[in-house]
Amino acid sequence: MNYSVQSFVGNSGFIKEIRKIILSVCQNTASVLITGEAGTGKQLFARVVHIEGKKNPSDFLELNCKLFYTQGEKILNSITKFVKDDNNREKTVYVSNVEKLNLNQQDKLCLLLKEDAVKQSKTRFIFSSSENLEELMEAQRFSKDLYFQISNVFVNMIPLRQHKEDIPEIADYYYKYYNKIYGKEFLGFSENAKNYMMNYFWGGNVAELRNAIERCFIVGHSEYIRINDMALGEGESIKDSVDDVLETSFADKTLKTALDTFKREYLIKILEENNWNQTKTAKVLGIQRTYVIRLINELQIRK
């Protein structure tokens, strides 16, 4: 994927403001704190800032404290090593779910950032959280010192349901993107699908919309992308729709397709619950890790 300010698709006031902030932030090394629900584009923001700053893609370090919350020291060591290695290079460290570090680790991170500031290195630090850090500070679960250290620039990524006017353009962007990958030609979205996307809650935000559209290219068989292909839930209301029944009249109803669709959705659900750790997923499913890998390949599952 090519990362640029145009990666934030849409023309709402929110999207335009995000692009402005990125073009401003990429010109300096001020620390950035991004908040917002999962799937709103926090990681994308960090990567775009790095690339728009004309930096080498290999000089970007991403660490997820949620995945390694029991290994906070490992995260701190990784940051230290990355920063000290060839200190003249312009780098970006992106730390997501920073609130998962314990208070002791937060204090060490704060000290590391202060030391780096004194050395005037060319490293930019970007942090993100899906939780309310102000509330965590009041509950004494997040360091106030660290909060002010990491939030030179504060960015709040609002949920997709608060800028729904961007949905058609975002959907079209991923429609074209997955069309190139899968080479499957649709005639576009059905009118029911368009209306449904505009009225759907999108609890998983842009990430959920992207996954729903990719699913259509994997399981869709009609001329147009339909609601059922997106598997967005609220099944009873969809079943009761006469127009949707007409849309699905030519759907592939073979047992193999139904089983493969179920296996894919269920496997994705368990993978997500285990942060895409294949070993843990295999244990939950009661199968071998090698079989999990085989299913991922066979069902064309992508994170």
# chains A, B, ... in the order shown; residues from 1 in each chain; ligands from 1
>>> closest_atom_pairs(of="range 152-184 of chain A", to="range 139-148 of chain A", cutoff="12 Å", atoms="only C-alpha atoms", output="tab-separated table")
residue	atom	partner	partner_atom	distance
A:Asn152	CA	A:Phe148	CA	7.1
A:Val153	CA	A:Phe148	CA	9.9
A:Phe154	CA	A:Phe148	CA	10.2
>>> write_last_selection(atoms="N, CA and C atoms", output="PDB file, in the first residue's frame")
ATOM      1  N   ASN A 152       2.532  16.244  22.630  1.00  0.00           N
ATOM      2  CA  ASN A 152       2.815  17.568  22.068  1.00  0.00           C
ATOM      3  C   ASN A 152       1.748  17.941  21.045  1.00  0.00           C
ATOM      4  N   VAL A 153       1.355  16.934  20.273  1.00  0.00           N
ATOM      5  CA  VAL A 153       0.255  17.099  19.316  1.00  0.00           C
ATOM      6  C   VAL A 153      -0.789  16.036  19.642  1.00  0.00           C
ATOM      7  N   PHE A 154      -2.036  16.461  19.815  1.00  0.00           N
ATOM      8  CA  PHE A 154      -3.114  15.528  20.157  1.00  0.00           C
ATOM      9  C   PHE A 154      -4.061  15.399  18.962  1.00  0.00           C
TER      10      PHE A 154
END
>>> atom_distance(atom1="CA of Arg294 in chain A", atom2="CA of Asn274 in chain A")
17.7 Å
>>> closest_residue(among="A:Val9, A:Val98, A:Ala30, A:Ile225", to="Ser151 in chain A", atoms="only C-alpha atoms")
A:Ala30
>>> residues_around(residues="Ile158 in chain A", least_positions_apart="5", cutoff="12 Å", atoms="only C-alpha atoms", output="MDAnalysis selection string")
chainID A and resid 12:15 17:18 34:42 130 163:164 203:206
>>> write_last_selection(atoms="C-alpha atoms", output="short mmCIF file (atom, residue, chain, number, x, y, z; two decimals), in the first residue's frame")
data_model
loop_
_atom_site.label_atom_id
_atom_site.label_comp_id
_atom_site.auth_asym_id
_atom_site.auth_seq_id
_atom_site.Cartn_x
_atom_site.Cartn_y
_atom_site.Cartn_z
CA SER A 12 -15.61 15.64 5.10
CA GLY A 13 -14.29 18.38 7.33
CA PHE A 14 -12.74 15.71 9.55
CA ILE A 15 -10.76 14.08 6.71
CA GLU A 17 -8.40 18.41 8.91
CA ILE A 18 -6.54 15.10 9.34
CA ILE A 34 -3.66 9.62 18.68
CA THR A 35 -6.87 8.51 20.36
CA GLY A 36 -9.97 6.87 18.95
CA GLU A 37 -11.84 3.63 18.60
CA ALA A 38 -10.28 0.57 17.00
CA GLY A 39 -10.36 0.68 13.23
CA THR A 40 -10.44 4.48 12.87
CA GLY A 41 -7.00 4.73 11.24
CA LYS A 42 -4.54 5.41 14.05
CA SER A 130 -8.35 3.41 22.28
CA HIS A 163 -18.47 11.23 9.22
CA LYS A 164 -20.77 8.97 7.22
CA GLY A 203 -18.71 -0.47 15.28
CA GLY A 204 -15.41 -1.58 13.75
CA ASN A 205 -15.16 1.67 11.77
CA VAL A 206 -13.20 1.88 8.50
#
>>> residues_around(residues="Leu112 in chain A", least_positions_apart="5", cutoff="9 Å", atoms="only C-alpha atoms", output="list in words")
Leu76, Ile79, Thr80, Asp107 and Ala117 of chain A
